[in-house]
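Participant: Handing over protein.txt, compact mmCIF, C-alpha atoms.
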# COMPACT_ATOMS: atom_id res chain seq x y z
CA MET A 1 5.36 -6.50 -6.36
CA LYS A 2 7.31 -7.71 -9.40
CA VAL A 3 10.86 -9.04 -9.41
CA ILE A 4 13.72 -8.65 -11.84
CA ASN A 5 16.05 -11.63 -11.45
CA ASN A 6 19.19 -10.31 -13.13
CA ALA A 7 21.06 -9.11 -10.06
CA PHE A 8 23.84 -10.75 -8.08
CA ALA A 9 26.23 -8.41 -6.29
CA ALA A 10 28.72 -10.42 -4.24
CA ILE A 11 31.69 -9.32 -6.36
CA ILE A 12 35.15 -9.26 -4.81
CA CYS A 13 36.74 -5.82 -5.05
CA SER A 14 40.47 -5.14 -4.99
CA ALA A 15 40.41 -1.38 -5.53
CA THR A 16 41.12 1.55 -3.25
CA ILE A 17 38.64 2.73 -0.62
CA LEU A 18 36.70 5.25 -2.71
CA SER A 19 37.08 3.75 -6.17
CA PRO A 20 34.26 1.20 -5.74
CA ILE A 21 31.89 4.14 -5.37
CA ALA A 22 33.45 6.44 -7.93
CA THR A 23 33.94 3.91 -10.72
CA PHE A 24 30.53 2.86 -12.02
CA ALA A 25 27.99 5.60 -11.32
CA ARG A 26 25.94 6.91 -14.20
CA ASP A 27 24.33 9.62 -12.08
CA GLY A 28 26.84 11.87 -10.30
CA ASN A 29 24.30 12.67 -7.57
CA ILE A 30 24.12 8.99 -6.58
CA THR A 31 27.90 8.84 -6.33
CA ALA A 32 27.96 12.05 -4.26
CA ARG A 33 25.28 10.72 -1.90
CA LEU A 34 27.12 7.41 -1.43
CA LEU A 35 30.36 9.30 -0.79
CA GLY A 36 28.42 11.35 1.79
CA HIS A 37 27.38 8.09 3.45
CA SER A 38 31.04 7.06 3.43
CA ILE A 39 32.09 10.26 5.20
CA ALA A 40 29.28 10.04 7.78
CA LEU A 41 29.95 6.35 8.51
CA GLY A 42 33.70 6.97 8.63
CA ALA A 43 33.14 8.87 11.85
CA ASP A 44 32.06 5.50 13.30
CA GLU A 45 35.11 3.80 11.72
CA TYR A 46 33.11 2.18 8.89
CA LYS A 47 34.88 2.07 5.52
CA VAL A 48 33.64 1.15 2.06
CA SER A 49 33.96 -2.64 2.02
CA GLN A 50 36.78 -3.99 -0.08
CA ASP A 51 34.82 -7.26 -0.39
CA TYR A 52 31.90 -5.88 -2.44
CA ARG A 53 31.64 -3.46 -5.32
CA VAL A 54 29.03 -0.76 -5.25
CA TYR A 55 26.03 -1.95 -7.24
CA TYR A 56 24.25 0.44 -9.63
CA ASN A 57 21.08 -0.30 -11.57
CA TRP A 58 17.67 1.00 -12.63
CA LEU A 59 14.25 0.06 -11.25
CA SER A 60 10.70 0.94 -12.23
CA PRO A 61 8.20 1.90 -9.52
CA ASN A 62 6.98 -1.08 -7.45
CA TYR A 63 9.70 -3.40 -8.78
CA TYR A 64 12.63 -4.83 -6.86
CA HIS A 65 16.04 -6.41 -7.40
CA LYS A 66 17.52 -9.23 -5.35
CA LEU A 67 21.19 -9.12 -4.40
CA THR A 68 23.12 -11.76 -2.47
CA TYR A 69 25.89 -11.03 0.03
CA ASP A 70 28.16 -13.43 1.91
CA LEU A 71 29.01 -11.43 5.03
CA ARG A 72 32.04 -12.42 7.08
CA SER A 73 31.96 -13.06 10.79
CA ARG A 74 33.91 -10.70 13.06
CA LYS A 75 32.81 -7.71 10.98
CA SER A 76 30.01 -5.21 11.39
CA TYR A 77 28.31 -4.12 8.16
CA ILE A 78 26.09 -1.27 7.11
CA ILE A 79 24.34 -1.70 3.78
CA THR A 80 22.99 1.54 2.38
CA ALA A 81 21.28 2.69 -0.80
CA THR A 82 20.36 5.91 -2.52
CA CYS A 83 18.61 6.89 -5.73
CA ASP A 84 18.41 9.64 -8.35
CA GLU A 85 16.46 12.93 -8.38
CA ASN A 86 13.31 11.25 -9.78
CA CYS A 87 13.19 8.90 -6.81
CA SER A 88 11.45 9.79 -3.55
CA ASP A 89 11.51 6.43 -1.73
CA ILE A 90 13.68 3.32 -1.95
CA ASP A 91 13.51 0.53 0.63
CA LEU A 92 15.83 -2.27 1.75
CA GLU A 93 14.88 -5.66 3.17
CA ILE A 94 17.36 -8.35 4.21
CA TYR A 95 16.52 -12.07 4.40
CA ASP A 96 18.38 -15.12 5.64
CA VAL A 97 18.95 -18.18 3.42
CA ASN A 98 15.53 -19.55 4.43
CA ASP A 99 13.82 -16.36 3.19
CA ASN A 100 13.01 -15.15 6.72
CA LEU A 101 12.92 -11.38 6.94
CA ILE A 102 15.75 -10.24 9.24
CA TYR A 103 15.39 -6.48 9.00
CA ALA A 104 13.80 -3.85 6.80
CA ASP A 105 14.28 -0.11 6.38
CA LYS A 106 10.95 0.97 4.92
CA ASN A 107 11.05 4.59 6.03
CA ALA A 108 9.80 6.97 3.35
CA ASN A 109 13.20 8.26 2.24
CA LYS A 110 15.87 7.80 -0.40
CA ASP A 111 18.71 6.79 1.95
CA PRO A 112 17.84 3.50 3.71
CA LYS A 113 20.42 1.70 5.87
CA ILE A 114 20.64 -1.77 7.38
CA LYS A 115 23.20 -2.76 10.04
CA MET A 116 24.35 -6.38 10.25
CA ASN A 117 26.71 -7.90 12.84
CA LYS A 118 26.46 -11.58 11.96
CA GLY A 119 28.29 -13.43 9.19
CA GLY A 120 26.49 -15.62 6.69
CA ARG A 121 24.72 -15.53 3.36
CA TYR A 122 21.98 -12.93 3.08
CA LYS A 123 19.57 -11.84 0.36
CA LEU A 124 18.99 -8.11 0.00
CA ARG A 125 15.85 -6.84 -1.67
CA VAL A 126 16.07 -3.30 -3.09
CA ILE A 127 12.55 -1.96 -3.63
CA MET A 128 11.72 1.15 -5.67
CA GLN A 129 8.68 2.57 -3.85
CA GLY A 130 8.59 6.12 -5.21
CA CYS A 131 9.79 7.08 -8.69
CA ARG A 132 8.39 9.93 -10.82
CA ALA A 133 9.84 8.47 -14.04
CA SER A 134 9.44 5.16 -15.86
CA SER A 135 12.54 4.01 -13.93
CA CYS A 136 15.01 5.47 -11.44
CA GLU A 137 18.70 4.77 -11.01
CA TYR A 138 19.96 3.63 -7.62
CA GLY A 139 23.18 2.53 -5.94
CA VAL A 140 23.85 0.13 -3.07
CA ALA A 141 27.07 0.28 -1.05
CA VAL A 142 28.40 -1.97 1.71
CA PHE A 143 30.48 -0.51 4.54
CA ASP A 144 32.28 -2.59 7.13
CA LYS A 145 34.52 -2.46 10.17
CA GLN A 146 36.33 -5.10 12.16
CA ILE A 147 34.68 -6.19 15.42
CA VAL A 148 37.13 -6.16 18.31
CA ASN A 149 36.34 -8.46 21.25
Show how you would write the structure in this file as structure tokens.
Facilitator:
Amino acid sequence: MKVINNAFAAIICSATILSPIATFARDGNITARLLGHSIALGADEYKVSQDYRVYYNWLSPNYYHKLTYDLRSRKSYIITATCDENCSDIDLEIYDVNDNLIYADKNANKDPKIKMNKGGRYKLRVIMQGCRASSCEYGVAVFDKQIVN
């Protein structure tokens, strides 16, 4: 597996709930799929995180990007991704600061999700497993909700 080291996605966002998704998409289908995730997760009270912008990029088959997130305690997060029509499989892996694998969604699909309930710094690896073109576009969105004790 090859790595592209140009990605860092812990960007503070001060926009409205849907604008982080709607603002930067190149492929309208990716935006629509992420908005669909937003609607489905909203039923469980998850909202598009105001702490992180949606990340869009391109990956060639069998390459990956690394993204870093500083997740806050007292919040539950769902990190989800999707990819364009040339993509058949994109995977997510999340690691702690010591590079220990915490969780992976490696199901053969184009809509992986990872749920996190613990604050801290995490490294997300977005892996393009199935792409019928020289590269496929993808988007990663972070959803969160407050944890009530």
Participant: Using all atoms listed in the file, collect all residues at a distance of at most 8 Å from (29.9, 0.6, -3.4) as written in the file, then present them as an MDAnalysis selection string.
Facilitator: chainID A and resid 20:21 34 48:49 52:55 139:142
Participant: Show me the residues close to (26.6, -10.8, 2.2) - anything with an atom within 7 Å, counting only C-alpha atoms - and format the list as a list in words.
Facilitator: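 Neighbouring residues, ordered by chain and number, come to Ala10, Thr68, Tyr69, Asp70, Leu71, Gly120, Arg121 and Tyr122 of chain A.
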Participant: Please produce an output containing C-alpha atoms for each residue in the selection, written as a PDB file, in the coordinates of the input.
Facilitator:
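Listed below is the output, result_25.pdb:
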ATOM      1  CA  ALA A  10      28.720 -10.420  -4.240  1.00  0.00           C
ATOM      2  CA  THR A  68      23.120 -11.760  -2.470  1.00  0.00           C
ATOM      3  CA  TYR A  69      25.890 -11.030   0.030  1.00  0.00           C
ATOM      4  CA  ASP A  70      28.160 -13.430   1.910  1.00  0.00           C
ATOM      5  CA  LEU A  71      29.010 -11.430   5.030  1.00  0.00           C
ATOM      6  CA  GLY A 120      26.490 -15.620   6.690  1.00  0.00           C
ATOM      7  CA  ARG A 121      24.720 -15.530   3.360  1.00  0.00           C
ATOM      8  CA  TYR A 122      21.980 -12.930   3.080  1.00  0.00           C
TER       9      TYR A 122
END
Participant: With only C-alpha atoms as the basis for distance, which of A:Asp105, A:Asp84, A:Asp99, A:Asp91 is at the shortest distance from Ala133 of chain A?
Facilitator: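 Of the candidates, the smallest distance to Ala133 of chain A is held by A:Asp84.
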Participant: Under the rule that only C-alpha atoms are counted, which of A:Val148, A:Asn29, A:Leu124, A:Ser73 is the nearest residue to Val97 of chain A?
Facilitator: A:Leu124
Participant: Please determine, counting only C-alpha atoms, which residue among A:Cys87, A:Ile30, A:Leu92, A:Ile79 has the shortest atom-to-atom distance to Pro61 of chain A.
Facilitator: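 The closest residue to Pro61 of chain A is A:Cys87.
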Participant: Compare A:Glu45, A:Asp111, A:Glu93, A:Glu137 by their minimum atom-to-atom distance to Ser60 of chain A, counting all atoms listed in the file, and give me the closest one.
Facilitator: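 Going through A:Glu45, A:Asp111, A:Glu93, A:Glu137 one by one, the smallest distance to Ser60 of chain A is for A:Glu137.
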Participant: Within 9 Å of Arg33 of chain A, counting only C-alpha atoms, which residues show up once you throw out same-chain ones fewer than 4 positions away? Write them as a VMD selection string, please.
Facilitator: chain A and resid 28 to 29 37 to 38 82 to 83 111
Participant: Using only C-alpha atoms for the distances, tell me which of A:Asn86, A:Ile78, A:Ile102, A:Leu67 is nearest to Arg132 of chain A.
Facilitator: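 So, comparing all the options, the nearest one is A:Asn86.
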Participant: Give the answer as one residue: which of A:Asn109, A:Gln129, A:Thr31, A:Gln146 has the shortest atom-to-atom distance to Tyr64 of chain A, using all atoms listed in the file?
Facilitator: A:Gln129
Participant: Kindly compute an axis-aligned box around the listed atoms of segment 43-61 of chain A, allowing 6 Å on each side, and express its centre and edge lengths in Å to one decimal as AutoDock Vina command-line options.
Facilitator:
--center_x 22.5 --center_y 0.8 --center_z 0.3 --size_x 40.6 --size_y 28.1 --size_z 37.9
Participant: Would you compute the distance between atom CA of Lys106 of chain A and atom CA of Asn62 of chain A? Give it in Å to one decimal.
Facilitator: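 Atom CA of Lys106 of chain A sits 13.2 Å away from atom CA of Asn62 of chain A.
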Participant: Name the residues in contact with Tyr77 of chain A at a cut-off of 6 Å, using all atoms listed in the file, excluding same-chain residues fewer than 2 positions from it; report them as a list in words.
Facilitator: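 Neighbouring residues, sequence-local ones excluded: Lys115, Met116, Phe143 and Asp144 of chain A.
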Participant: Separation of atom CA of Ser135 of chain A and atom CA of Ala40 of chain A, in Å?
Facilitator: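 Answer for the atom CA of Ser135 of chain A to atom CA of Ala40 of chain A separation: 28.1 Å.
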